[in-house]
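Participant: Provided herewith is a single structure, encoded as structure tokens, for subsequent inquiry.
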Amino acid sequence: MSARGSLDFADLQGNILRGYGKQYVRHLVLTVANPAAARRWLADASSGDESATPQITTAEPWTERRRTCVNIGITHPGLAALGVSPSSLNSFPHEFVAGMAARNVLLGDTGPSDPSKWKEEWRGEGPHLMISVYADDAADREATAARILAARGAFQLRAALEGEGFAGGLVHFGYRDSISQPQFYGVHDPDDRRDDQPFVEVGAMLLGHATPIENLRWEVPQPNVLGHNGSFNAFRVLEQQVAGFEEFLTACADALMNNPLSETLLPPGAEAGWDPPMDRRAALREMVAAKMLGRWRNGVPLALSPTSPSPQPRIDDAGLNNYGYAHDPDGQRCPIGSHMRRSNPRDAKTVQRNTNHARRLVRRGIPYGPHYDPANPVKAERGLLGSFMCASLTGQFEAIQYDWTNLGLQDPRITGSNDPILGNNDPLFSRFSFPVGDNAITFRGFSHFIHTRGGAYLFQPSMSAIRHLASLSGGKTARTR
Amino acid sequence: MVKFSNKIWTALRHLFERVLIAFWRRAAPVKTPPPTYSTALADNLQMHMNLVMPLADQTPVGRAQAAQAIAANIDELFSGLSNVGTVHFARFDLIGGNLCMYSVFDGDFRAYIRDFICVFGSVFDSLLGLVADPPPSPSALHPEAFIDWIHRHDSFQIPRDLTALFPEEKNLKNLSRDLVLLLDANPNVQLGRFSGYPGVSVAQIRHGAGLGW
């Protein structure tokens with residue numbers, strides 16, 4: 001456990017241990033065009049002089065809310081481009097060295113998600129770094145991004161990815177997102193706990209600190225000034241097939257209308273007491289959506305309210321995360337195979353007995369593309385710009401994605417089935433099953449609702465590391481694309 | 001006289017082979033392929049690890065020390081393997097001057113070894129004191145280096161389709177040469193494996209048999 005107060009918040013990038021809650025994001029996907037100029041930008045961006053260039057936001061507590069925040073992540077080729085020595089480059093974990101595209105089968109990025117089909121900016125060697133601008137309004141985002149790109153000759157812009165939050169914290173598919181995040185020793189107040197999940201050691205996110213796994217520490221890439229207090233970010237561009245998802249819910253509701261088990265699943269007439277009241281078919285659609293995720297679309301967890309999205313007494317925001325699965329061993333309330341329970345089994349029994357709270361991720365996601373209106377559907381690409389942060393990509397992000405999401409190894413009753421929302425499902429084999437009393441309802445033959453359109457493994461260096469990078473020499477000039 | 005000339009001929013042939021392999025190594029080096037993953041469930045369950053660890057002391061005395069160390073820690077090793085949760089079988093053998101651990105597990109190799117470090121890394125660290133060229137210790141402070149070390153000592157597993165080993169090889173005539181070089185770099189290999197119940201995890205078997213999981 002990190003003692004409270006022992007963390008140097010001024011040395012940490014600010015987006016790792018807390019979110020900014022900004023409405024607008026622009027991720028600048030860049031290649032280093034001129035190493036010396038890029039290093040000068042790093043020096044300026046970590047100098048404390050806002051007049052030189054927008055400053056990288058640290059984790060220091062704010063005295064007043066900042067209008068914009070800036071953070072950076074660097075790929076392995078990006079570190080090489082900035083002049084990091086070969087021996088130092090080799091001290092990074094092998095999966096970061098290989099890059100996200102090379103880990104595609106393990107991550108389930110095959111078929112339409114195969115890296116060969118990713119957007120141009122993620123192909124080949126991929127980008128060198130990503131500078132993320134978070135802002136309360138679009139004009140501030142625009143101005144800050146423009147100032148960064150004005151760094152003369154430093155970077156070549158491969159793409160600018162824009163995200164914009166929807167009202168109520170919703171994302172495409174209509175779910176409320178980012179409700180559950182780990183709380184850290186030394187960062188969050190133990191007297192202000194939001195739920196019964198154990199606090200997490202900061203070593204789950206930051207290199208060089210104690211981790212949630214007793215005695216285990218992830219190796220710090222060398223030199224220590226470069227690796228210490230750094231973190232990794234699995235950044236993914238996840239296109240969501242919203243129309244297909246909604247059609248699937250309709251098909252499932254139609255099937256349930258003729259299934260006597262639906263009367264046990266949702267007692268007839270119960271939907272009339274929901275807020276707002278719904279007809280039976282619409283309510284069954286919502287029930288399937290909830291079973292797939294583990295929460296109703298408004299964020300109320302099935303574990304607390306299995307038959308209504310609007311329980312009485314009402315569950316306030318603080319209570320939305322205060323539950324476990326130990327009292328629901330068979331998934332009668334929240335299916336074992338639901339996306340949320342797969343990704344974080346909390347206190348449920350798992351096959352890998354030491355992993356329950358050891359694979360926590362910080363998730364930062366924001367929708368991109370236009371909101372889908374079923375009454376007036378507009379064909380456009382839409383999805384989520386997702387950052388999944390951790391101290392070990394294999395130990396946390398990949399372990400969740402491969403062991404739990406894709407294989408379902410954590411519980412023999414779901415082994416062999418894929419995550420119903422995130423999984424790379426094949427209609428020939430896909431199935432999603434949940435118990436209803438002594439019986440079960442199973443849906444089969446659905447496809448994937450999410451396609452990966454790009455992504456990269458990024459290293460999020462500490463402020464000391466950024467200054468260290470700024471002090472290097474050499475490096476590689478970008479190849480012409 | 002015939003026997004003697006056969007011996008000379010064999011020795012000359014081996015010498016020639018060694019020279020040729022050394023030449024091939026330089027002229028057309030072959031890289032040992034990394035572990036592969038599959039989208040097929042059955043290919044991700046019942047994975048094999050055949051850990052071959054040369055002992056520092058390969059005399060009968062050194063081998064006896066290894067046997068005693070395993071015997072002294074066997075309960076902790078077995079309870080640790082049980083707690084990993086994804087292990088079908090594991091056994092410890094002494095083969096020649098090597099301490100071997102063979103196991104069948106579900107899922108990702110690196111996740112398996114990481115869980116292995118968490119539940120009985122300290123016991124394994126003490127065993128590795130008997131091994132030549134051990135990894136950095138303790139494993140809990142060097143998990144990635146430990147996993148890489150285990151990977152290097154795990155027998156290379158040759159897939160059913162030999163051509164899949166060398167996807168870059170354009171000339172089929174070179175496949176035999178590539179295989180020779182691969183075996184030159186990997187003295188221990190697994191040539192094939194059979195499962196009587198493919199595509200089933202250990203937890204599914206235990207659950208189905210009513211043994212708990």
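Chain labels follow the order of the structure tokens: the first chain is A, the next B, and so on; residue numbering restarts at 1 in every chain, and ligands are counted from 1 in their shown order.
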What residues in chain B have any atom no more than 10 Å from chain A when counting only C-alpha atoms, and can you write them as an MDAnalysis selection string?

Facilitator: chainID B and resid 36:42 44:45 82:87 106:108 110:112 114:119 121 138:145 148 199:208 213

Participant: Take the residues just selected and output them with N, CA and C atoms as a tab-separated table (two decimals), in the first residue's frame.

Facilitator:
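The resulting file, result-v4.tsv, is shown below:
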```
chain	number	residue	atom	x	y	z
B	36	THR	N	1.95	-18.49	-30.53
B	36	THR	CA	0.84	-17.97	-31.33
B	36	THR	C	-0.46	-18.10	-30.55
B	37	TYR	N	-1.40	-17.30	-30.93
B	37	TYR	CA	-2.72	-17.36	-30.33
B	37	TYR	C	-3.70	-17.72	-31.42
B	38	SER	N	-4.82	-18.22	-31.03
B	38	SER	CA	-5.81	-18.65	-32.01
B	38	SER	C	-7.17	-18.11	-31.61
B	39	THR	N	-8.00	-17.90	-32.61
B	39	THR	CA	-9.37	-17.49	-32.30
B	39	THR	C	-10.23	-18.70	-31.94
B	40	ALA	N	-9.71	-19.90	-32.22
B	40	ALA	CA	-10.48	-21.11	-31.90
B	40	ALA	C	-10.30	-21.47	-30.43
B	41	LEU	N	-11.39	-21.65	-29.74
B	41	LEU	CA	-11.34	-21.90	-28.31
B	41	LEU	C	-10.45	-23.10	-27.98
B	42	ALA	N	-10.62	-24.19	-28.73
B	42	ALA	CA	-9.90	-25.42	-28.40
B	42	ALA	C	-8.39	-25.22	-28.46
B	44	ASN	N	-6.85	-22.70	-27.34
B	44	ASN	CA	-6.42	-21.87	-26.22
B	44	ASN	C	-6.60	-22.56	-24.87
B	45	LEU	N	-7.08	-23.78	-24.91
B	45	LEU	CA	-7.22	-24.56	-23.68
B	45	LEU	C	-6.25	-25.73	-23.75
B	82	SER	N	-3.04	-25.80	-7.43
B	82	SER	CA	-4.49	-25.84	-7.29
B	82	SER	C	-5.06	-24.43	-7.27
B	83	ASN	N	-4.36	-23.51	-6.60
B	83	ASN	CA	-4.86	-22.14	-6.50
B	83	ASN	C	-4.74	-21.37	-7.80
B	84	VAL	N	-3.80	-21.74	-8.64
B	84	VAL	CA	-3.72	-21.08	-9.95
B	84	VAL	C	-5.05	-21.28	-10.67
B	85	GLY	N	-5.64	-22.46	-10.51
B	85	GLY	CA	-7.01	-22.69	-10.98
B	85	GLY	C	-7.14	-23.17	-12.40
B	86	THR	N	-6.13	-22.93	-13.23
B	86	THR	CA	-6.24	-23.27	-14.65
B	86	THR	C	-5.35	-24.46	-15.03
B	87	VAL	N	-4.86	-25.19	-14.03
B	87	VAL	CA	-3.90	-26.26	-14.33
B	87	VAL	C	-4.62	-27.62	-14.35
B	106	ASP	N	-4.81	-23.92	-18.96
B	106	ASP	CA	-5.73	-23.21	-19.86
B	106	ASP	C	-5.32	-21.75	-19.99
B	107	GLY	N	-5.43	-21.23	-21.21
B	107	GLY	CA	-5.26	-19.79	-21.42
B	107	GLY	C	-3.87	-19.39	-21.83
B	108	ASP	N	-3.54	-18.16	-21.51
B	108	ASP	CA	-2.30	-17.55	-21.96
B	108	ASP	C	-1.12	-17.99	-21.11
B	110	ARG	N	1.70	-16.48	-20.47
B	110	ARG	CA	2.24	-15.45	-19.58
B	110	ARG	C	1.32	-15.25	-18.37
B	111	ALA	N	0.00	-15.34	-18.60
B	111	ALA	CA	-0.92	-15.20	-17.48
B	111	ALA	C	-0.73	-16.37	-16.51
B	112	TYR	N	-0.51	-17.55	-17.07
B	112	TYR	CA	-0.30	-18.74	-16.24
B	112	TYR	C	0.94	-18.56	-15.37
B	114	ARG	N	2.41	-15.81	-14.56
B	114	ARG	CA	2.22	-14.70	-13.61
B	114	ARG	C	1.43	-15.18	-12.40
B	115	ASP	N	0.37	-15.94	-12.64
B	115	ASP	CA	-0.41	-16.47	-11.51
B	115	ASP	C	0.45	-17.41	-10.68
B	116	PHE	N	1.27	-18.16	-11.35
B	116	PHE	CA	2.20	-19.11	-10.75
B	116	PHE	C	3.15	-18.35	-9.80
B	117	ILE	N	3.65	-17.19	-10.25
B	117	ILE	CA	4.53	-16.39	-9.39
B	117	ILE	C	3.76	-15.94	-8.15
B	118	CYS	N	2.52	-15.53	-8.38
B	118	CYS	CA	1.73	-14.98	-7.26
B	118	CYS	C	1.48	-16.02	-6.19
B	119	VAL	N	1.20	-17.25	-6.60
B	119	VAL	CA	0.79	-18.22	-5.59
B	119	VAL	C	1.93	-19.06	-5.04
B	121	GLY	N	5.54	-18.38	-6.15
B	121	GLY	CA	6.81	-17.88	-6.67
B	121	GLY	C	7.95	-18.06	-5.69
B	138	PRO	N	14.02	-12.17	-6.31
B	138	PRO	CA	12.84	-13.03	-6.35
B	138	PRO	C	11.97	-12.75	-7.59
B	139	SER	N	11.25	-13.77	-8.00
B	139	SER	CA	10.44	-13.64	-9.21
B	139	SER	C	9.38	-12.54	-9.08
B	140	ALA	N	8.90	-12.31	-7.85
B	140	ALA	CA	7.84	-11.31	-7.66
B	140	ALA	C	8.32	-9.89	-7.95
B	141	LEU	N	9.63	-9.68	-7.89
B	141	LEU	CA	10.16	-8.35	-8.21
B	141	LEU	C	10.67	-8.28	-9.64
B	142	HIS	N	10.72	-9.43	-10.31
B	142	HIS	CA	11.18	-9.47	-11.70
B	142	HIS	C	10.24	-10.34	-12.52
B	143	PRO	N	8.93	-10.05	-12.45
B	143	PRO	CA	7.99	-11.00	-13.08
B	143	PRO	C	8.20	-11.18	-14.58
B	144	GLU	N	8.46	-10.09	-15.29
B	144	GLU	CA	8.60	-10.22	-16.74
B	144	GLU	C	9.88	-10.97	-17.09
B	145	ALA	N	10.97	-10.68	-16.36
B	145	ALA	CA	12.23	-11.38	-16.60
B	145	ALA	C	12.07	-12.87	-16.27
B	148	ASP	N	10.05	-14.46	-19.06
B	148	ASP	CA	10.90	-14.64	-20.25
B	148	ASP	C	11.85	-15.82	-20.06
B	199	GLY	N	-10.88	-28.87	-26.13
B	199	GLY	CA	-11.80	-27.73	-26.04
B	199	GLY	C	-12.52	-27.63	-24.71
B	200	VAL	N	-11.98	-28.27	-23.67
B	200	VAL	CA	-12.64	-28.22	-22.35
B	200	VAL	C	-11.63	-27.74	-21.32
B	201	SER	N	-12.03	-26.80	-20.49
B	201	SER	CA	-11.11	-26.29	-19.47
B	201	SER	C	-11.13	-27.19	-18.24
B	202	VAL	N	-10.12	-27.04	-17.41
B	202	VAL	CA	-10.06	-27.86	-16.19
B	202	VAL	C	-11.25	-27.53	-15.28
B	203	ALA	N	-11.64	-26.25	-15.25
B	203	ALA	CA	-12.77	-25.89	-14.39
B	203	ALA	C	-14.06	-26.51	-14.92
B	204	GLN	N	-14.18	-26.61	-16.24
B	204	GLN	CA	-15.38	-27.25	-16.80
B	204	GLN	C	-15.42	-28.74	-16.44
B	205	ILE	N	-14.25	-29.37	-16.47
B	205	ILE	CA	-14.20	-30.79	-16.11
B	205	ILE	C	-14.57	-30.97	-14.64
B	206	ARG	N	-13.98	-30.15	-13.80
B	206	ARG	CA	-14.26	-30.27	-12.36
B	206	ARG	C	-15.72	-29.96	-12.08
B	207	HIS	N	-16.23	-28.94	-12.74
B	207	HIS	CA	-17.63	-28.55	-12.54
B	207	HIS	C	-18.56	-29.69	-12.99
B	208	GLY	N	-18.26	-30.24	-14.17
B	208	GLY	CA	-19.09	-31.32	-14.71
B	208	GLY	C	-19.04	-32.57	-13.85
B	213	TRP	N	-14.84	-26.10	-8.27
B	213	TRP	CA	-13.81	-25.48	-9.09
B	213	TRP	C	-13.29	-24.24	-8.41
```

Participant: Select from region 221-470 of chain A everything DSSP, run on the backbone, classes as strand (DSSP E or B), then give the selection as a PyMOL selection string.

Facilitator: chain A and resi 231-240+295+301+362-368+383-390+431-436+439-444+450-460

Participant: I need the chosen residues saved as a PDB file, in the first residue's frame, with C-alpha atoms.

Facilitator:
```pdb
ATOM      1  CA  SER A 231       1.833   4.058 -16.970  1.00  0.00           C
ATOM      2  CA  PHE A 232       0.561   2.263 -20.049  1.00  0.00           C
ATOM      3  CA  ASN A 233      -2.506   3.080 -22.092  1.00  0.00           C
ATOM      4  CA  ALA A 234      -4.175   0.664 -24.483  1.00  0.00           C
ATOM      5  CA  PHE A 235      -5.852   3.218 -26.725  1.00  0.00           C
ATOM      6  CA  ARG A 236      -8.558   1.837 -28.985  1.00  0.00           C
ATOM      7  CA  VAL A 237     -10.854   3.224 -31.625  1.00  0.00           C
ATOM      8  CA  LEU A 238     -13.946   1.052 -31.245  1.00  0.00           C
ATOM      9  CA  GLU A 239     -16.598   1.458 -33.908  1.00  0.00           C
ATOM     10  CA  GLN A 240     -20.038   0.541 -32.608  1.00  0.00           C
ATOM     11  CA  ARG A 295     -26.511  -2.588 -15.797  1.00  0.00           C
ATOM     12  CA  PRO A 301     -26.833  -2.316 -11.731  1.00  0.00           C
ATOM     13  CA  VAL A 362      -8.749   2.884 -15.379  1.00  0.00           C
ATOM     14  CA  ARG A 363     -11.106   3.489 -18.288  1.00  0.00           C
ATOM     15  CA  ARG A 364     -11.431   6.808 -20.037  1.00  0.00           C
ATOM     16  CA  GLY A 365     -13.820   6.769 -22.943  1.00  0.00           C
ATOM     17  CA  ILE A 366     -15.692   9.313 -24.995  1.00  0.00           C
ATOM     18  CA  PRO A 367     -18.056   8.784 -27.915  1.00  0.00           C
ATOM     19  CA  TYR A 368     -17.199   9.827 -31.426  1.00  0.00           C
ATOM     20  CA  GLY A 383     -18.087   4.560 -31.610  1.00  0.00           C
ATOM     21  CA  LEU A 384     -15.859   5.053 -28.624  1.00  0.00           C
ATOM     22  CA  LEU A 385     -12.372   6.484 -28.246  1.00  0.00           C
ATOM     23  CA  GLY A 386     -11.259   4.353 -25.353  1.00  0.00           C
ATOM     24  CA  SER A 387      -8.208   4.528 -23.118  1.00  0.00           C
ATOM     25  CA  PHE A 388      -7.568   1.542 -20.889  1.00  0.00           C
ATOM     26  CA  MET A 389      -4.811   2.394 -18.455  1.00  0.00           C
ATOM     27  CA  CYS A 390      -2.726   0.083 -16.303  1.00  0.00           C
ATOM     28  CA  ARG A 431     -24.247 -17.577 -27.558  1.00  0.00           C
ATOM     29  CA  PHE A 432     -25.312 -15.501 -24.604  1.00  0.00           C
ATOM     30  CA  SER A 433     -27.035 -17.297 -21.809  1.00  0.00           C
ATOM     31  CA  PHE A 434     -28.446 -16.299 -18.452  1.00  0.00           C
ATOM     32  CA  PRO A 435     -30.407 -18.245 -15.836  1.00  0.00           C
ATOM     33  CA  VAL A 436     -34.064 -17.646 -15.174  1.00  0.00           C
ATOM     34  CA  ASN A 439     -34.025 -22.672 -16.525  1.00  0.00           C
ATOM     35  CA  ALA A 440     -31.986 -20.513 -18.830  1.00  0.00           C
ATOM     36  CA  ILE A 441     -32.559 -18.216 -21.754  1.00  0.00           C
ATOM     37  CA  THR A 442     -29.971 -18.427 -24.513  1.00  0.00           C
ATOM     38  CA  PHE A 443     -29.546 -16.204 -27.532  1.00  0.00           C
ATOM     39  CA  ARG A 444     -27.440 -17.456 -30.412  1.00  0.00           C
ATOM     40  CA  ILE A 450     -17.977  -3.527 -32.051  1.00  0.00           C
ATOM     41  CA  HIS A 451     -15.161  -3.349 -34.608  1.00  0.00           C
ATOM     42  CA  THR A 452     -11.701  -2.170 -33.709  1.00  0.00           C
ATOM     43  CA  ARG A 453     -10.683   0.515 -36.202  1.00  0.00           C
ATOM     44  CA  GLY A 454      -7.282   1.285 -34.772  1.00  0.00           C
ATOM     45  CA  GLY A 455      -5.259   1.642 -31.647  1.00  0.00           C
ATOM     46  CA  ALA A 456      -1.852   1.630 -30.083  1.00  0.00           C
ATOM     47  CA  TYR A 457      -0.062   0.757 -26.907  1.00  0.00           C
ATOM     48  CA  LEU A 458       1.121   4.036 -25.433  1.00  0.00           C
ATOM     49  CA  PHE A 459       3.523   4.743 -22.616  1.00  0.00           C
ATOM     50  CA  GLN A 460       2.422   7.665 -20.467  1.00  0.00           C
TER      51      GLN A 460
END
```

Participant: Counting only C-alpha atoms, what is within 12 Å of Arg18 (chain B), bar same-chain residues fewer than 5 positions away, as an MDAnalysis selection string?

Facilitator: chainID B and resid 11:13 23:25 180:181 184

Participant: Just the residues within 12 Å of Glu169 (chain B), please, counting only C-alpha atoms, with nothing from its chain fewer than 6 positions along; format it as a ChimeraX atom specification.

Facilitator: /B:28-31,162-163,175-179

Participant: Any chance you could export the current selection's N, CA and C atoms as a short mmCIF file (atom, residue, chain, number, x, y, z; two decimals), in the first residue's frame?

Facilitator:
```
data_model
loop_
_atom_site.label_atom_id
_atom_site.label_comp_id
_atom_site.auth_asym_id
_atom_site.auth_seq_id
_atom_site.Cartn_x
_atom_site.Cartn_y
_atom_site.Cartn_z
N ALA B 28 21.47 -17.63 -43.52
CA ALA B 28 19.99 -17.59 -43.55
C ALA B 28 19.44 -17.90 -42.17
N PRO B 29 19.69 -16.98 -41.21
CA PRO B 29 19.26 -17.28 -39.84
C PRO B 29 17.74 -17.46 -39.74
N VAL B 30 17.37 -18.35 -38.85
CA VAL B 30 15.94 -18.62 -38.64
C VAL B 30 15.58 -18.15 -37.25
N LYS B 31 14.49 -17.40 -37.17
CA LYS B 31 14.06 -16.89 -35.87
C LYS B 31 13.03 -17.86 -35.28
N LEU B 162 4.22 -27.92 -40.43
CA LEU B 162 5.58 -27.38 -40.34
C LEU B 162 5.75 -26.09 -41.12
N THR B 163 5.04 -25.97 -42.23
CA THR B 163 5.21 -24.77 -43.04
C THR B 163 4.75 -23.52 -42.29
N LEU B 175 12.65 -25.57 -46.50
CA LEU B 175 11.99 -25.87 -45.23
C LEU B 175 12.80 -26.82 -44.36
N SER B 176 13.44 -27.81 -44.98
CA SER B 176 14.25 -28.75 -44.19
C SER B 176 15.40 -28.02 -43.53
N ARG B 177 16.05 -27.13 -44.30
CA ARG B 177 17.15 -26.35 -43.73
C ARG B 177 16.65 -25.50 -42.57
N ASP B 178 15.49 -24.86 -42.77
CA ASP B 178 14.94 -24.02 -41.71
C ASP B 178 14.67 -24.83 -40.45
N LEU B 179 14.15 -26.04 -40.65
CA LEU B 179 13.84 -26.89 -39.50
C LEU B 179 15.12 -27.29 -38.76
#
```

Participant: Tell me which protein, DNA and RNA residues are within 12 Å of Pro34 (chain B), counting only C-alpha atoms, leaving out same-chain ones fewer than 6 positions away, and put them as a list in words.

Facilitator: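 In the requested form, the answer reads His94, Glu95, Ala98, Ala102 and Arg103 of chain A; Phe109, Asp148, His151, Arg152, Asp154, Phe156, Gln157, Ile158, Leu165 and Phe166 of chain B.
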
Participant: From the set B:Leu51, B:Val104, B:Val131, B:Ile113, which residue has the shortest atom-to-atom contact distance to Arg63 (chain B), counting only C-alpha atoms?

Facilitator: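 Once distances to Arg63 (chain B) are computed over only C-alpha atoms, the minimum belongs to B:Val131.
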